[in-house]
Each structure stands twice: as structure tokens, then as C-alpha cells.
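K.L.:
The structure file protein-v4.tsv (TSV, C-alpha atoms) is provided below.
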```
chain	number	residue	atom	x	y	z
A	1087	MET	CA	92.84	-162.40	-107.35
A	1088	GLU	CA	93.30	-159.08	-109.10
A	1089	LYS	CA	96.70	-158.46	-110.63
A	1090	PHE	CA	98.38	-155.07	-110.79
A	1091	ASP	CA	101.41	-153.41	-112.34
A	1092	VAL	CA	102.43	-150.43	-110.21
A	1093	ILE	CA	104.34	-147.81	-112.24
A	1094	GLY	CA	106.17	-144.65	-111.23
A	1095	ASP	CA	107.31	-141.91	-111.64
A	1096	VAL	CA	106.66	-141.23	-115.34
A	1097	HIS	CA	107.46	-137.48	-115.40
A	1098	GLY	CA	106.52	-136.98	-119.03
A	1099	CYS	CA	108.49	-139.96	-120.37
A	1100	ARG	CA	105.71	-141.22	-122.63
A	1101	ARG	CA	107.91	-143.31	-124.91
A	1102	GLU	CA	109.30	-145.28	-121.97
A	1103	MET	CA	105.84	-145.61	-120.39
A	1104	GLN	CA	104.37	-147.13	-123.53
A	1105	GLU	CA	107.37	-149.43	-123.99
A	1106	LEU	CA	107.09	-150.64	-120.40
A	1107	LEU	CA	103.36	-151.31	-120.78
A	1108	ARG	CA	104.01	-153.33	-123.94
A	1109	ASP	CA	106.71	-155.33	-122.16
A	1110	LEU	CA	104.18	-156.02	-119.39
A	1111	GLY	CA	101.80	-157.48	-121.95
A	1112	TYR	CA	99.42	-154.57	-122.53
A	1113	THR	CA	98.12	-153.67	-125.96
A	1114	PHE	CA	96.88	-150.29	-127.22
A	1115	ARG	CA	93.68	-150.22	-129.25
A	1116	ASP	CA	91.75	-147.10	-130.24
A	1117	GLY	CA	92.90	-145.23	-127.16
A	1118	HIS	CA	92.18	-148.14	-124.83
A	1119	LEU	CA	94.62	-150.21	-122.79
A	1120	LEU	CA	94.03	-153.95	-122.71
A	1121	HIS	CA	95.66	-156.98	-121.09
A	1122	GLU	CA	94.63	-160.54	-121.85
A	1123	GLU	CA	95.14	-161.54	-118.19
A	1124	GLY	CA	92.99	-158.67	-116.93
A	1125	ARG	CA	95.92	-156.93	-115.26
A	1126	LYS	CA	95.61	-153.25	-114.44
A	1127	PRO	CA	98.32	-150.57	-114.24
A	1128	VAL	CA	98.52	-148.39	-111.12
A	1129	PHE	CA	100.22	-145.03	-111.69
A	1130	ILE	CA	101.64	-143.65	-108.45
A	1131	GLY	CA	101.70	-139.98	-109.31
A	1132	ASP	CA	104.06	-137.46	-110.89
A	1133	LEU	CA	102.90	-138.15	-114.41
A	1134	THR	CA	104.24	-134.84	-115.67
A	1135	ASP	CA	107.03	-132.24	-115.57
A	1136	ARG	CA	110.63	-132.26	-116.80
A	1137	GLY	CA	110.19	-135.00	-119.40
A	1138	PRO	CA	109.65	-134.61	-123.16
A	1139	ASP	CA	105.92	-135.39	-123.46
A	1140	SER	CA	103.94	-134.61	-120.33
A	1141	ILE	CA	100.87	-133.73	-122.40
A	1142	GLY	CA	100.93	-137.12	-124.13
A	1143	VAL	CA	101.24	-138.90	-120.79
A	1144	LEU	CA	98.31	-136.94	-119.38
A	1145	ASP	CA	96.22	-137.71	-122.44
A	1146	ASP	CA	96.98	-141.44	-122.17
A	1147	VAL	CA	96.53	-141.89	-118.44
A	1148	THR	CA	93.46	-139.69	-117.99
A	1149	GLY	CA	91.78	-141.59	-120.83
A	1150	TRP	CA	92.64	-145.00	-119.37
A	1151	TYR	CA	91.53	-143.86	-115.93
A	1152	ALA	CA	88.21	-142.54	-117.23
A	1153	ALA	CA	87.61	-145.88	-118.99
A	1154	GLY	CA	88.39	-147.87	-115.84
A	1155	GLU	CA	91.49	-149.36	-117.44
A	1156	ALA	CA	94.04	-147.88	-115.02
A	1157	LEU	CA	94.26	-146.76	-111.40
A	1158	TYR	CA	96.01	-143.63	-110.16
A	1159	VAL	CA	97.07	-141.77	-107.05
A	1160	PRO	CA	98.39	-138.20	-107.18
A	1161	GLY	CA	101.95	-137.11	-106.55
A	1162	ASN	CA	103.27	-133.73	-105.50
A	1163	HIS	CA	103.80	-132.66	-109.11
A	1164	CYS	CA	100.23	-133.72	-109.95
A	1165	ASP	CA	98.95	-131.75	-106.99
A	1166	LYS	CA	100.83	-128.64	-108.11
A	1167	LEU	CA	99.58	-128.94	-111.69
A	1168	TYR	CA	96.03	-129.38	-110.39
A	1169	ARG	CA	96.33	-126.22	-108.28
A	1170	TRP	CA	97.69	-124.31	-111.28
A	1171	MET	CA	94.83	-125.53	-113.48
A	1172	ILE	CA	92.14	-124.38	-111.04
A	1173	GLY	CA	93.75	-120.97	-110.75
A	1174	ARG	CA	95.50	-121.13	-107.41
A	1175	PRO	CA	98.83	-119.30	-107.07
A	1176	VAL	CA	101.80	-121.63	-107.56
A	1177	LYS	CA	105.40	-121.13	-108.64
A	1178	VAL	CA	105.78	-122.46	-112.17
A	1179	ASN	CA	109.15	-124.11	-111.61
A	1180	HIS	CA	110.83	-127.45	-110.83
A	1181	GLY	CA	109.60	-128.82	-114.16
A	1182	LEU	CA	106.05	-127.50	-114.08
A	1183	GLU	CA	107.06	-124.90	-116.67
A	1184	THR	CA	107.56	-127.69	-119.26
A	1185	THR	CA	104.04	-129.02	-118.70
A	1186	VAL	CA	102.45	-125.57	-118.69
A	1187	SER	CA	104.21	-124.72	-121.97
A	1188	GLY	CA	102.92	-127.87	-123.64
A	1189	PHE	CA	99.45	-127.37	-122.23
A	1190	GLN	CA	99.20	-123.78	-123.43
A	1191	ALA	CA	100.33	-124.81	-126.92
A	1192	LEU	CA	97.20	-126.95	-127.35
A	1193	GLN	CA	94.20	-125.71	-129.27
A	1194	LYS	CA	91.51	-124.29	-126.98
A	1195	GLU	CA	89.13	-127.24	-127.30
A	1196	ALA	CA	91.87	-129.84	-126.73
A	1197	ARG	CA	93.19	-127.84	-123.79
A	1198	LYS	CA	89.80	-127.72	-122.10
A	1199	HIS	CA	89.17	-131.41	-122.72
A	1200	LEU	CA	92.49	-132.43	-121.17
A	1201	GLN	CA	92.11	-130.00	-118.28
A	1202	ASP	CA	88.63	-131.32	-117.46
A	1203	ARG	CA	89.80	-134.94	-117.51
A	1204	PHE	CA	92.86	-134.26	-115.37
A	1205	ILE	CA	90.96	-132.22	-112.78
A	1206	SER	CA	88.28	-134.89	-112.61
A	1207	MET	CA	90.88	-137.65	-112.16
A	1208	VAL	CA	92.72	-135.84	-109.36
A	1209	LYS	CA	89.47	-135.00	-107.55
A	1210	GLU	CA	88.17	-138.57	-107.80
A	1211	ALA	CA	91.36	-140.50	-107.09
A	1212	PRO	CA	92.19	-141.45	-103.49
A	1213	LEU	CA	95.30	-140.02	-101.90
A	1214	TYR	CA	96.57	-143.59	-101.54
A	1215	LEU	CA	95.18	-146.92	-102.66
A	1216	GLN	CA	94.49	-150.01	-100.56
A	1217	LEU	CA	94.35	-152.94	-102.97
A	1218	ASP	CA	93.90	-156.70	-102.66
A	1219	ARG	CA	91.93	-156.31	-99.40
A	1220	GLY	CA	94.61	-154.06	-97.94
A	1221	ARG	CA	97.58	-156.28	-98.75
A	1222	LEU	CA	98.97	-153.79	-101.29
A	1223	ILE	CA	99.25	-150.06	-100.63
A	1224	ALA	CA	100.15	-147.62	-103.41
A	1225	ALA	CA	101.19	-144.15	-102.26
A	1226	HIS	CA	103.28	-141.62	-104.15
A	1227	ALA	CA	105.96	-140.85	-101.54
A	1228	GLY	CA	105.05	-143.68	-99.16
A	1229	ILE	CA	103.07	-144.03	-95.98
A	1230	ARG	CA	103.93	-145.42	-92.56
A	1231	HIS	CA	102.27	-148.75	-91.79
A	1232	ARG	CA	100.69	-147.25	-88.65
A	1233	ASP	CA	99.02	-144.54	-90.77
A	1234	ILE	CA	97.31	-146.85	-93.26
A	1235	GLY	CA	93.59	-146.24	-92.97
A	1236	ALA	CA	94.06	-142.72	-91.61
A	1237	ALA	CA	92.00	-139.90	-93.07
A	1238	PRO	CA	93.69	-138.30	-96.08
A	1239	GLU	CA	94.08	-134.89	-94.42
A	1240	LYS	CA	96.17	-136.47	-91.65
A	1241	VAL	CA	98.68	-138.12	-93.99
A	1242	ARG	CA	98.51	-135.81	-97.01
A	1243	SER	CA	101.91	-134.16	-96.56
A	1244	PHE	CA	103.69	-137.48	-95.95
A	1245	VAL	CA	102.05	-139.21	-98.91
A	1246	LEU	CA	102.79	-136.37	-101.33
A	1247	TYR	CA	106.21	-135.22	-100.10
A	1248	GLY	CA	107.66	-137.99	-97.94
A	1249	ASP	CA	109.01	-137.76	-94.41
A	1250	THR	CA	110.36	-134.22	-94.63
A	1251	THR	CA	112.65	-132.73	-91.98
A	1252	GLY	CA	111.68	-129.10	-92.50
A	1253	GLN	CA	115.13	-128.36	-93.92
A	1254	PHE	CA	116.02	-127.69	-97.53
A	1255	THR	CA	118.92	-128.28	-99.90
A	1256	GLU	CA	120.81	-125.41	-101.54
A	1257	ASP	CA	118.57	-125.90	-104.58
A	1258	GLY	CA	115.45	-125.41	-102.48
A	1259	PHE	CA	114.32	-129.03	-102.33
A	1260	PRO	CA	113.08	-130.48	-99.01
A	1261	ILE	CA	115.38	-132.86	-97.15
A	1262	ARG	CA	113.64	-136.16	-96.43
A	1263	ARG	CA	114.25	-138.96	-93.95
A	1264	ASP	CA	114.62	-142.52	-95.19
A	1265	TRP	CA	111.22	-143.39	-93.75
A	1266	ALA	CA	111.21	-146.98	-95.03
A	1267	SER	CA	114.13	-147.92	-92.78
A	1268	LEU	CA	112.93	-145.96	-89.73
A	1269	TYR	CA	109.51	-147.33	-88.93
A	1270	PRO	CA	108.36	-150.81	-87.82
A	1271	GLN	CA	107.10	-152.92	-90.69
A	1272	GLY	CA	103.55	-154.20	-91.03
A	1273	ASP	CA	101.93	-156.97	-93.04
A	1274	GLU	CA	101.12	-154.83	-96.09
A	1275	TRP	CA	103.35	-154.22	-99.08
A	1276	ILE	CA	103.83	-150.48	-99.61
A	1277	VAL	CA	104.84	-149.44	-103.12
A	1278	TYR	CA	105.95	-145.86	-103.65
A	1279	GLY	CA	108.24	-143.56	-105.64
A	1280	HIS	CA	109.09	-139.86	-105.34
A	1281	THR	CA	112.77	-140.33	-104.38
A	1282	PRO	CA	114.79	-141.57	-107.39
A	1283	VAL	CA	116.93	-144.66	-106.82
A	1284	ARG	CA	119.18	-146.53	-109.23
A	1285	THR	CA	117.35	-149.84	-108.90
A	1286	PRO	CA	114.08	-150.83	-107.21
A	1287	ARG	CA	114.71	-150.55	-103.47
A	1288	PHE	CA	113.22	-153.23	-101.23
A	1289	VAL	CA	113.32	-152.43	-97.49
A	1290	GLY	CA	111.20	-154.69	-95.33
A	1291	ARG	CA	107.81	-154.78	-97.00
A	1292	THR	CA	108.30	-151.51	-98.87
A	1293	VAL	CA	109.41	-151.02	-102.47
A	1294	ASN	CA	110.59	-147.77	-104.03
A	1295	ILE	CA	110.07	-148.08	-107.78
A	1296	ASP	CA	111.05	-144.54	-108.86
A	1297	THR	CA	114.18	-145.43	-110.78
A	1298	GLY	CA	114.65	-141.95	-112.17
A	1299	CYS	CA	113.47	-142.30	-115.75
A	1300	VAL	CA	113.45	-138.56	-116.36
A	1301	PHE	CA	117.01	-138.36	-115.00
A	1302	GLY	CA	118.38	-141.02	-117.34
A	1303	GLY	CA	117.72	-144.08	-115.20
A	1304	SER	CA	114.81	-146.33	-116.06
A	1305	LEU	CA	111.06	-146.64	-115.71
A	1306	THR	CA	109.99	-149.48	-113.43
A	1307	ALA	CA	106.86	-151.47	-112.66
A	1308	LEU	CA	106.28	-153.73	-109.68
A	1309	ARG	CA	104.17	-156.72	-110.71
A	1310	TYR	CA	101.73	-157.84	-108.03
A	1311	PRO	CA	101.15	-160.42	-106.60
A	1312	GLU	CA	104.37	-161.73	-108.14
A	1313	LEU	CA	106.44	-159.02	-106.39
A	1314	THR	CA	108.82	-158.91	-109.33
A	1315	THR	CA	109.98	-155.78	-111.13
A	1316	LEU	CA	110.37	-154.94	-114.79
A	1317	SER	CA	112.21	-151.89	-116.07
A	1318	VAL	CA	112.93	-150.20	-119.39
A	1319	ALA	CA	115.94	-147.99	-119.95
A	1320	SER	CA	115.44	-144.25	-120.20
A	1321	ALA	CA	116.12	-142.29	-123.37
A	1322	GLN	CA	116.81	-139.16	-121.31
A	1323	PRO	CA	120.26	-137.76	-120.45
A	1324	GLU	CA	121.69	-139.00	-117.18
A	1325	VAL	CA	121.72	-136.65	-114.18
A	1326	PRO	CA	123.67	-138.66	-111.56
A	1327	GLU	CA	123.22	-136.22	-108.68
A	1328	LYS	CA	119.45	-136.75	-108.68
A	1329	PHE	CA	119.67	-140.33	-107.41
A	1330	SER	CA	119.52	-141.30	-103.72
A	1331	PHE	CA	120.37	-144.42	-101.70
A	1332	THR	CA	123.09	-146.46	-103.29
A	1333	ASP	CA	122.46	-149.62	-101.26
```
Show me this structure written as C-alpha cells.
P.N.:
Amino acid sequence: MEKFDVIGDVHGCRREMQELLRDLGYTFRDGHLLHEEGRKPVFIGDLTDRGPDSIGVLDDVTGWYAAGEALYVPGNHCDKLYRWMIGRPVKVNHGLETTVSGFQALQKEARKHLQDRFISMVKEAPLYLQLDRGRLIAAHAGIRHRDIGAAPEKVRSFVLYGDTTGQFTEDGFPIRRDWASLYPQGDEWIVYGHTPVRTPRFVGRTVNIDTGCVFGGSLTALRYPELTTLSVASAQPEVPEKFSFTD
């Protein structure tokens, strides 16, 4: 049986990402990521924006992905960065400005190399992953059990942004339903992030592992098939208002 460590959302917190990987038993060697048990990390999107080293995170993860040493699905921040990189009009805000600034500070050759690897990764990666013969689903903002197996274009908005209501907060962020508690549960384990919570949130057979590292919480991995979590504390300042669901 393959073994996975699902990680999210990194948001440029490279130091915490590398610490978590070491705690999970991974070693770094000449740009490669190795585990003596053959485990593989699964990054569930939102690698960049807001945090202190988005460029370093991109460099690490795109390299591991290209070498077949990590899996990845895109998040909404990844999707926005991808659209910016290919020249589509996007608003450079909500943290994207930090990534763009770091990217533009790179030398031309390094910038092109990283851009090519990131674009290739986003284009190749599935919108959501079905692992262990469908027993484990990795999706950035989640997916309803009834939609697993649906064509990406039919679930794209839900997977990237969650179960949005169409309404927005005063800060311009979409208001989302607590989808995990609203829909009948299936046999698969769904692991997701996107909505920061204080501690990993298990509801039925869903697990939210975005524990708000970039907002001063922690960075969390769900170990599979063990279904245990491991977290490392964030070095970032705490922003309490960014966390949801206190249960």
C-alpha cells in the first residue's frame, strides 16, 4: 500500500514546510526529497502568497513534483498565480503581490526556469487526486462525495473556492458554507484545506488540515493510511480573525 503525507496550506512558509517534512521522516539531498519508507507528500494547493518565502516554496515543490517525489493539486492562489504568469488579467492582491514581488526580483534566467516549472506543474496536475484506489481524495477546498469522479469543469469552482454562497465579507472575501457538515458522507476520506482552522478538523470522513500557518497557527500533515496528523508551530505573527470553526 502506498503511504502519503497530505500537507496544506503552505502559503510561502518554507521554513515550517521543511521542518514538517523532516519531522515526517523525509530527508533533503541535492534538491531531492527522500523517505526511507517510500512515503510521498501531497501538497493540496496554495503554496504561495502572504508568507515570507513563496519563491523558495515554489522552487522546492516544483522540483520535487518534476522528479516524481511529490504530488500536488492546485488551490485558488495557485490558479491565480498561474493566470498571472501566462498573462491573463488578474488583480494582484490578497497576497499575490508578495509572490509577484519575489518572482520579479529573480534574475531573468532563474525567473524563466521557475515560471516554466510552475506552469508545467499546474497544467499537468489534476484538479483533485484520487489515491489508494479512490479511498483517499485530496482536493484544495474539498469536494462533495457525490461529485467524486465528475469532470473537472463541473467541480472546478467548488474544489478551488469551496461551497460559496455568492455573498462576500466586508473585506471582499467570499462567504462559504460548511460543506463538510452539510452533505451525506461516503466511503472515501476527503482531505482538504482552504479554510483555516485552529486544529485539524475531522467531520465524518473529511479532514480539514489548513491550520493557518501563515496566520500564526501551524502547518499540518495528515498521514495516510494511519489517519493521524502531525503539525509544526508557525513562526508567523498570529492573526486570530482569520480562523474559522472553533469546534
K.L.:
Give me the residues near stretch 1316-1323 of chain A as a PDB file with C-alpha atoms, in the frame of the given file, where near means some atom within 8 Å (using only C-alpha atoms) and where sequence neighbours in that chain fewer than 3 positions away do not count.
P.N.:
```
ATOM      1  CA  GLU A1102     109.300-145.280-121.970  1.00  0.00           C
ATOM      2  CA  GLU A1105     107.370-149.430-123.990  1.00  0.00           C
ATOM      3  CA  LEU A1106     107.090-150.640-120.400  1.00  0.00           C
ATOM      4  CA  LEU A1110     104.180-156.020-119.390  1.00  0.00           C
ATOM      5  CA  CYS A1299     113.470-142.300-115.750  1.00  0.00           C
ATOM      6  CA  VAL A1300     113.450-138.560-116.360  1.00  0.00           C
ATOM      7  CA  PHE A1301     117.010-138.360-115.000  1.00  0.00           C
ATOM      8  CA  GLY A1302     118.380-141.020-117.340  1.00  0.00           C
ATOM      9  CA  GLY A1303     117.720-144.080-115.200  1.00  0.00           C
ATOM     10  CA  SER A1304     114.810-146.330-116.060  1.00  0.00           C
ATOM     11  CA  LEU A1305     111.060-146.640-115.710  1.00  0.00           C
ATOM     12  CA  THR A1306     109.990-149.480-113.430  1.00  0.00           C
ATOM     13  CA  ALA A1307     106.860-151.470-112.660  1.00  0.00           C
ATOM     14  CA  LEU A1308     106.280-153.730-109.680  1.00  0.00           C
ATOM     15  CA  ARG A1309     104.170-156.720-110.710  1.00  0.00           C
TER      16      ARG A1309
END
```
K.L.:
For stretch 1232-1262 of chain A against stretch 1122-1140 of chain A, with a cut-off of 12 Å and counting all atoms listed in the file, what is the closest atom pair and its distance in Å to one decimal for every residue that makes the cut, ordered by chain and number, as a tab-separated table?
P.N.:
```
residue	atom	partner	partner_atom	distance
A:Val1245	CA	A:Gly1131	CA	10.4
A:Leu1246	CA	A:Gly1131	CA	8.8
A:Tyr1247	CA	A:Asp1132	CA	11.2
```
K.L.:
Please work out which residues fall within 12 Å of (104.6, -128.4, -121.0), coordinates as given in the file, with all atoms listed in the file counting, and return them as an MDAnalysis selection string.
P.N.:
chainID A and resid 1097:1098 1133:1144 1167 1178:1192 1197
K.L.:
My list of candidates is A:Glu1256, A:Glu1088, A:Asp1095, A:Asp1264. Which is closest to A:Gly1161 when distances are computed with all atoms listed in the file?
P.N.:
A:Asp1095
K.L.:
Of the candidates A:Asp1233, A:Glu1324, A:Glu1274, A:Glu1155, which shows the shortest atom-to-atom distance to A:Asp1218, using only C-alpha atoms?
P.N.:
A:Glu1274
K.L.:
Box time for stretch 1175-1179 of chain A: axis-aligned, enclosing all its listed atoms, 5 Å extra on each side; report centre and edge lengths in Å to one decimal, as JSON.
P.N.:
```
{"center_x": 104.0, "center_y": -121.7, "center_z": -109.6, "size_x": 20.3, "size_y": 14.8, "size_z": 15.1}
```
K.L.:
Which of these residues is nearest to A:Lys1240, using all atoms listed in the file: A:Ala1156, A:Ala1227, A:Val1283, A:Leu1213?
P.N.:
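The answer is A:Leu1213, which sits nearest to A:Lys1240.
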K.L.:
What is the atom CA of A:Ile1276-atom CA of A:Ile1223 distance in Å, reported with one decimal?
P.N.:
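Atom CA of A:Ile1223 lies at a distance of 4.7 Å from atom CA of A:Ile1276.
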K.L.:
List the spatial neighbours of A:Val1241 as a list in words - criterion: any atom at most 12 Å away, all atoms listed in the file, same-chain residues fewer than 3 positions off excluded.
P.N.:
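Everything that qualifies: Pro1212, Leu1213, Tyr1214, Ala1225, His1226, Ala1227, Gly1228, Ile1229, Arg1230, His1231, Arg1232, Asp1233, Ile1234, Gly1235, Ala1236, Ala1237, Pro1238, Phe1244, Val1245, Leu1246, Tyr1247, Gly1248 and Asp1249 of chain A.
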